[in-house]
Amino acid sequence: MSRARADEEEYWHSSKFRAFTFDDEDDELSQLKESKRAVNSLRDIVDDDDDDDDLERVSWSGEPVGSISWSIKETASSSTSSLEGRDSSLQKGSSSYAAFPKQVSSYSLSSLFKGRNKLPSFQSFSDALSDMGVKNYAPELRRPKAEYKDYSSDWSPKDTVRRMQRGKVCSLERFRSLQDKLVLLDEAVAGHDGNVITAVLIFLKRTLKREILFRELEVRQVALCHLIHFLKETGEQKLLLDLLRFLDRTEEVALSQYREHLNIQDVEKRREFLKGCIGLPFSAEDTSHIQDHYTLLERQIIIEAHDRHLEAAGQSEIFRKYPRKASILNMPLVTTLFYSCFYHYTEAEGTFSSPTNLKKTFKIPDKQYVLTALAARAKLRAWDDVDALFTTKNWLGYTKKKAPIGFHRVVEILQRNNAPVQVLQEYVRLVEDVETRLNLATKYKCHDVVIETYRDLKDRIQLTAYKCKVERGSAEEEKINSILNNVQIRWKN
C-alpha cells in the first residue's frame with residue numbers, strides 16, 4: 001500500500017502537468033523572477049573582465065574572426081559587392097546591405113551585450129554607419145516618371161499653366177513660336193490666376209518685341225490690365241508710357257507723367273514740373289486740379305519764406321508763443337487753411353496767407369471752412385473769434401447765430417478743446433433738437449440748460465429727479481426749487 005502511494009506521488013511530480021496545490025508557484029510572477037535571475041546570471045558572465053579576453057570573436061556566419069576560411073570569404077564578398085550595379089540595389093532593398101564592409105561584423109560577444117568595444121581597433125555599430133557615408137550605401141528611390149517631364153519640356157500650354165498654379169517649377173523657354181506663346185497666355189487668362197498671368201506676361205515681355213506684344217495685348221484686355229498694373233508697381237515708367245501711347249490713352253499718359261512729381265524733392269523743381277503738367281492733355285476737371293495744385297504750391301513757398309523770416313527775427317508774438325512744428329510746403333489744402341487760420345486769421349483778404357483769400361481762391365465750401373477755422377481758433381482758446389464765426393446780421397441789422405455744420409458738432413469741437421462750461425452752455429442752447437440738447441447738456445454737465453429745458457417742457461417729474469444730481473446748496477438747486485414753487489407754471493405731470 002505504501003509503495004503504491006509512493007508511485008502515485010512520483011507520477012504526479014514527474015508529469016509536465018501538475019495538480020493544484022496552495023503551494024504552487026508556477027505563476028507569472030514566478031516566471032518573471034526566474035527570467036530576471038537568468039538575465040542577471042548572464043550579465044555576471046559578460047561583465048567578468050577576466051573572462052572577456054578569453055572569449056572568441058566570431059563573424060555573423062559563426063566562424064572565428066581571423067581564420068583562413070573567414071579571410072577567403074571576406075575577400076570574395078567584398079569583390080562581389082563592388083561589381084554590383086545601382087539598378088540591382090534599387091530593385092532589391094536587401095542587396096544594398098551587402099555593400100556594408102564586413103568589419104562591422106567583427107564584434108566580440110561581450111561588446112554586443114555591453115553596447116561598446118573595449119579594444120580600440122573596433123568601432124561601435126553607430127560609429128561605423130556614420131563613418132561609411134550613408135549617402136553611398138542607402139538605396140535610392142526612383143523618381144516618378146512624371147517628374148522627368150519637367151526636364152524633357154514636353155508639357156502642353158494647358159498642363160504648364162496647371163502646374164504653375166500648383167506651384168511647380170516649369171520652364172517656359174520651350175514655347176518659342178508666337179503661336180505657342182499666345183496659346184500659353186490664353187490658357188493663363190482662362191485659369192483666372194493673377195500670379196500665373198503675370199509670370200507669363202513677364203516671359204512675353206522679355207521674349208517679344210514691343211510692337212508685337214502691344215498689338216496682341218490690345219485684343220486681350222484682361223492680360224493688358226495685368227501688365228499695366230505690373231508696370232505701375234515696378235516703376236517701369238518708360239515702357240508704361242509707350243504702351244499707353246500705343247493704345248491712344250492720352251489722359252492716362254498725362255496722369256502717369258503727372259505722378260512723377262512725387263519723386264521730385266526740390267520744391268522749386270517740383271513747382272516748375274507742375275507748371276509744365278498744366279499743358280498736358282487732361283480732362284477739364286483734371287486740368288483744374290493740376291492748376292490748383294500748382295497755385296497752392298506757389299502760395300506755400302511764399303508763406304513759408306515769410307513766416308520763416310518772422311519766426312527767426314522774433315517779431316511776431318504768436319510765433320514766439322506757439323512755435324511752428326513743421327514746414328507748410330507740400331501740405332494739403334485743408335492743412336494750409338488750418339495753418340492760415342492759426343497764424344494769419346486776422347490778416348486782410350488781399351494777402352496770400354489770409355484764410356478768406358484761400359477760401360475764395362480755391363473755392364472752399366462753407367462747411368469745410370467753418371470746421372477748419374473753428375478747430376484752429378478753439379485750439380488757441382480765442383472764444384471771441386469763435387463767437388464771431390457764427391454771428392450773422394440780417395438786412396435790418398439784427399444779429400443771429402448760424403452754423404452750417406450744426407451746433408451739436410460745434411459743441412463737440414469746443415469740448416475737445418477744453419472750452420469752459422459757460423461757452424459750452426451758450427452753444428448747447430442753440431441745438432434745435434430737444435433730445436439732442438438734453439443729452440449734450442447732461443453729458444457735459446450744463447445744468448442750467450437741463451433745468452431750462454425741463455421747465456420749457458413743463459416736466460415736473462424729470463425736473464424733480466434731476467434735482468438729486470446737482471450739489472446740495474448750489475445755485476442750481478436753488479434754481480430748481482424756485483421753478484418748482486412757481487405757481488404760474490402749468491405742469492404736465
# chains A, B, ... in the order shown; residues from 1 in each chain; ligands from 1

$ residues_around --residues "A:Tyr369" --least-positions-apart "6" --cutoff "9 Å" --atoms "only C-alpha atoms" --output "list in words"
Val334, Leu337, Phe338, Pro355, Thr356 and Lys359 of chain A

$ residues_around --residues "A:Met164" --least-positions-apart "3" --cutoff "12 Å" --atoms "only C-alpha atoms" --output "MDAnalysis selection string"
chainID A and resid 150 155 157:161 167:172 184 187:188 191 193:200

$ residues_around --residues "stretch 448-453 of chain A" --least-positions-apart "4" --cutoff "8 Å" --atoms "only C-alpha atoms" --output "list in words"
Gln425, Val428, Arg429, Val434, Leu438, Ala441, Thr442, Leu457, Leu463, Glu476 and Ile480 of chain A

$ residues_around --residues "A:Thr250" --least-positions-apart "4" --cutoff "12 Å" --atoms "only C-alpha atoms" --output "JSON list (two decimals) with N, CA, C and O atoms, in the first residue's frame"
[["chain", "number", "residue", "atom", "x", "y", "z"],
["A", 241, "LEU", "N", 4.54, 104.28, -70.50],
["A", 241, "LEU", "CA", 4.13, 105.39, -71.35],
["A", 241, "LEU", "C", 4.07, 104.96, -72.81],
["A", 241, "LEU", "O", 3.15, 105.37, -73.55],
["A", 242, "ASP", "N", 4.99, 104.14, -73.25],
["A", 242, "ASP", "CA", 4.95, 103.64, -74.63],
["A", 242, "ASP", "C", 3.70, 102.81, -74.88],
["A", 242, "ASP", "O", 3.06, 102.92, -75.94],
["A", 243, "LEU", "N", 3.34, 101.99, -73.89],
["A", 243, "LEU", "CA", 2.13, 101.17, -74.04],
["A", 243, "LEU", "C", 0.88, 102.03, -74.09],
["A", 243, "LEU", "O", -0.01, 101.81, -74.94],
["A", 244, "LEU", "N", 0.80, 103.03, -73.22],
["A", 244, "LEU", "CA", -0.38, 103.90, -73.19],
["A", 244, "LEU", "C", -0.47, 104.74, -74.46],
["A", 244, "LEU", "O", -1.58, 104.99, -74.98],
["A", 245, "ARG", "N", 0.65, 105.17, -74.98],
["A", 245, "ARG", "CA", 0.61, 105.92, -76.24],
["A", 245, "ARG", "C", 0.18, 105.02, -77.40],
["A", 245, "ARG", "O", -0.54, 105.47, -78.30],
["A", 246, "PHE", "N", 0.63, 103.78, -77.40],
["A", 246, "PHE", "CA", 0.21, 102.85, -78.45],
["A", 246, "PHE", "C", -1.30, 102.61, -78.39],
["A", 246, "PHE", "O", -1.96, 102.50, -79.44],
["A", 254, "ALA", "N", -0.94, 111.38, -69.53],
["A", 254, "ALA", "CA", -0.76, 112.63, -68.80],
["A", 254, "ALA", "C", -0.73, 112.38, -67.28],
["A", 254, "ALA", "O", 0.09, 112.96, -66.56],
["A", 255, "LEU", "N", -1.62, 111.52, -66.80],
["A", 255, "LEU", "CA", -1.65, 111.22, -65.36],
["A", 255, "LEU", "C", -0.37, 110.51, -64.92],
["A", 255, "LEU", "O", 0.14, 110.75, -63.82],
["A", 256, "SER", "N", 0.14, 109.64, -65.77],
["A", 256, "SER", "CA", 1.38, 108.95, -65.43],
["A", 256, "SER", "C", 2.55, 109.92, -65.36],
["A", 256, "SER", "O", 3.41, 109.82, -64.46],
["A", 257, "GLN", "N", 2.58, 110.87, -66.28],
["A", 257, "GLN", "CA", 3.63, 111.89, -66.22],
["A", 257, "GLN", "C", 3.45, 112.80, -64.99],
["A", 257, "GLN", "O", 4.43, 113.18, -64.35],
["A", 280, "LEU", "N", -0.62, 119.40, -70.37],
["A", 280, "LEU", "CA", -0.83, 118.02, -70.80],
["A", 280, "LEU", "C", -2.29, 117.78, -71.13],
["A", 280, "LEU", "O", -3.19, 118.48, -70.63],
["A", 281, "PRO", "N", -2.59, 116.77, -71.97],
["A", 281, "PRO", "CA", -3.98, 116.54, -72.40],
["A", 281, "PRO", "C", -4.84, 115.90, -71.31],
["A", 281, "PRO", "O", -5.27, 114.75, -71.41],
["A", 282, "PHE", "N", -5.11, 116.65, -70.24],
["A", 282, "PHE", "CA", -6.02, 116.18, -69.20],
["A", 282, "PHE", "C", -7.46, 116.48, -69.59],
["A", 282, "PHE", "O", -7.73, 117.27, -70.51],
["A", 283, "SER", "N", -8.37, 115.89, -68.83],
["A", 283, "SER", "CA", -9.76, 116.29, -68.96],
["A", 283, "SER", "C", -9.95, 117.66, -68.31],
["A", 283, "SER", "O", -9.06, 118.17, -67.62]]

$ atom_distance --atom1 "atom CA of A:Lys238" --atom2 "atom CA of A:Arg271"
22.4 Å

$ atom_distance --atom1 "atom CA of A:Leu217" --atom2 "atom CA of A:Phe175"
17.6 Å

$ closest_residue --among "A:Leu231, A:Leu247, A:Val253, A:Ala190" --to "A:Phe214" --atoms "only C-alpha atoms"
A:Leu247

$ atom_distance --atom1 "atom CA of A:Lys269" --atom2 "atom CA of A:Phe342"
28.7 Å

$ closest_residue --among "A:Asp248, A:Arg163, A:Leu178, A:Cys341" --to "A:Lys209" --atoms "only C-alpha atoms"
A:Leu178

$ residues_around --residues "A:Leu414" --least-positions-apart "2" --cutoff "9 Å" --atoms "only C-alpha atoms" --output "PDB file with N, CA, C and O atoms, in the first residue's frame"
ATOM      1  N   LEU A 374     -12.929 126.862 -36.935  1.00  0.00           N
ATOM      2  CA  LEU A 374     -13.354 126.596 -35.555  1.00  0.00           C
ATOM      3  C   LEU A 374     -12.308 125.791 -34.798  1.00  0.00           C
ATOM      4  O   LEU A 374     -11.988 126.094 -33.638  1.00  0.00           O
ATOM      5  N   ALA A 375     -11.760 124.752 -35.442  1.00  0.00           N
ATOM      6  CA  ALA A 375     -10.740 123.934 -34.779  1.00  0.00           C
ATOM      7  C   ALA A 375      -9.490 124.753 -34.472  1.00  0.00           C
ATOM      8  O   ALA A 375      -8.884 124.609 -33.396  1.00  0.00           O
ATOM      9  N   ALA A 378     -10.401 127.511 -31.677  1.00  0.00           N
ATOM     10  CA  ALA A 378     -10.669 126.871 -30.382  1.00  0.00           C
ATOM     11  C   ALA A 378      -9.391 126.338 -29.758  1.00  0.00           C
ATOM     12  O   ALA A 378      -9.248 126.328 -28.532  1.00  0.00           O
ATOM     13  N   LYS A 379      -8.448 125.909 -30.595  1.00  0.00           N
ATOM     14  CA  LYS A 379      -7.172 125.443 -30.069  1.00  0.00           C
ATOM     15  C   LYS A 379      -6.394 126.589 -29.423  1.00  0.00           C
ATOM     16  O   LYS A 379      -5.662 126.391 -28.430  1.00  0.00           O
ATOM     17  N   ARG A 409     -22.241 119.709 -33.522  1.00  0.00           N
ATOM     18  CA  ARG A 409     -20.845 119.474 -33.860  1.00  0.00           C
ATOM     19  C   ARG A 409     -19.961 120.587 -33.302  1.00  0.00           C
ATOM     20  O   ARG A 409     -18.805 120.357 -32.935  1.00  0.00           O
ATOM     21  N   VAL A 410     -20.498 121.801 -33.246  1.00  0.00           N
ATOM     22  CA  VAL A 410     -19.751 122.901 -32.639  1.00  0.00           C
ATOM     23  C   VAL A 410     -19.466 122.601 -31.178  1.00  0.00           C
ATOM     24  O   VAL A 410     -18.336 122.805 -30.681  1.00  0.00           O
ATOM     25  N   VAL A 411     -20.456 122.094 -30.471  1.00  0.00           N
ATOM     26  CA  VAL A 411     -20.279 121.760 -29.050  1.00  0.00           C
ATOM     27  C   VAL A 411     -19.219 120.675 -28.878  1.00  0.00           C
ATOM     28  O   VAL A 411     -18.373 120.752 -27.971  1.00  0.00           O
ATOM     29  N   GLU A 412     -19.226 119.670 -29.729  1.00  0.00           N
ATOM     30  CA  GLU A 412     -18.239 118.588 -29.616  1.00  0.00           C
ATOM     31  C   GLU A 412     -16.821 119.099 -29.854  1.00  0.00           C
ATOM     32  O   GLU A 412     -15.885 118.713 -29.142  1.00  0.00           O
ATOM     33  N   ARG A 416     -13.746 119.200 -27.039  1.00  0.00           N
ATOM     34  CA  ARG A 416     -12.440 118.572 -27.247  1.00  0.00           C
ATOM     35  C   ARG A 416     -11.296 119.546 -26.992  1.00  0.00           C
ATOM     36  O   ARG A 416     -10.184 119.120 -26.657  1.00  0.00           O
ATOM     37  N   ASN A 417     -11.567 120.834 -27.139  1.00  0.00           N
ATOM     38  CA  ASN A 417     -10.538 121.843 -26.889  1.00  0.00           C
ATOM     39  C   ASN A 417     -10.681 122.462 -25.499  1.00  0.00           C
ATOM     40  O   ASN A 417     -10.156 123.564 -25.257  1.00  0.00           O
ATOM     41  N   ASN A 418     -11.388 121.770 -24.605  1.00  0.00           N
ATOM     42  CA  ASN A 418     -11.499 122.165 -23.186  1.00  0.00           C
ATOM     43  C   ASN A 418     -12.104 123.557 -23.025  1.00  0.00           C
ATOM     44  O   ASN A 418     -11.584 124.419 -22.282  1.00  0.00           O
ATOM     45  N   ALA A 419     -13.185 123.790 -23.726  1.00  0.00           N
ATOM     46  CA  ALA A 419     -13.877 125.071 -23.580  1.00  0.00           C
ATOM     47  C   ALA A 419     -14.549 125.144 -22.212  1.00  0.00           C
ATOM     48  O   ALA A 419     -15.011 124.125 -21.675  1.00  0.00           O
ATOM     49  N   PRO A 420     -14.646 126.321 -21.596  1.00  0.00           N
ATOM     50  CA  PRO A 420     -15.325 126.433 -20.284  1.00  0.00           C
ATOM     51  C   PRO A 420     -16.814 126.146 -20.402  1.00  0.00           C
ATOM     52  O   PRO A 420     -17.399 126.181 -21.488  1.00  0.00           O
ATOM     53  N   VAL A 423     -19.103 128.775 -22.088  1.00  0.00           N
ATOM     54  CA  VAL A 423     -19.079 128.778 -23.552  1.00  0.00           C
ATOM     55  C   VAL A 423     -19.867 127.606 -24.102  1.00  0.00           C
ATOM     56  O   VAL A 423     -20.637 127.743 -25.073  1.00  0.00           O
ATOM     57  N   LEU A 424     -19.717 126.450 -23.488  1.00  0.00           N
ATOM     58  CA  LEU A 424     -20.452 125.267 -23.943  1.00  0.00           C
ATOM     59  C   LEU A 424     -21.955 125.471 -23.812  1.00  0.00           C
ATOM     60  O   LEU A 424     -22.733 125.126 -24.715  1.00  0.00           O
TER      61      LEU A 424
END

$ closest_residue --among "A:Ile302, A:Leu440, A:Ile202, A:Cys446" --to "A:His226" --atoms "only C-alpha atoms"
A:Ile202

$ select_by_dssp --residues "stretch 175-399 of chain A" --states "alpha helix (DSSP H)" --output "MDAnalysis selection string"
chainID A and resid 178:190 194:207 210:217 221:234 237:246 250:259 267:277 284:313 317:321 333:343 355:362 366:379 383:390
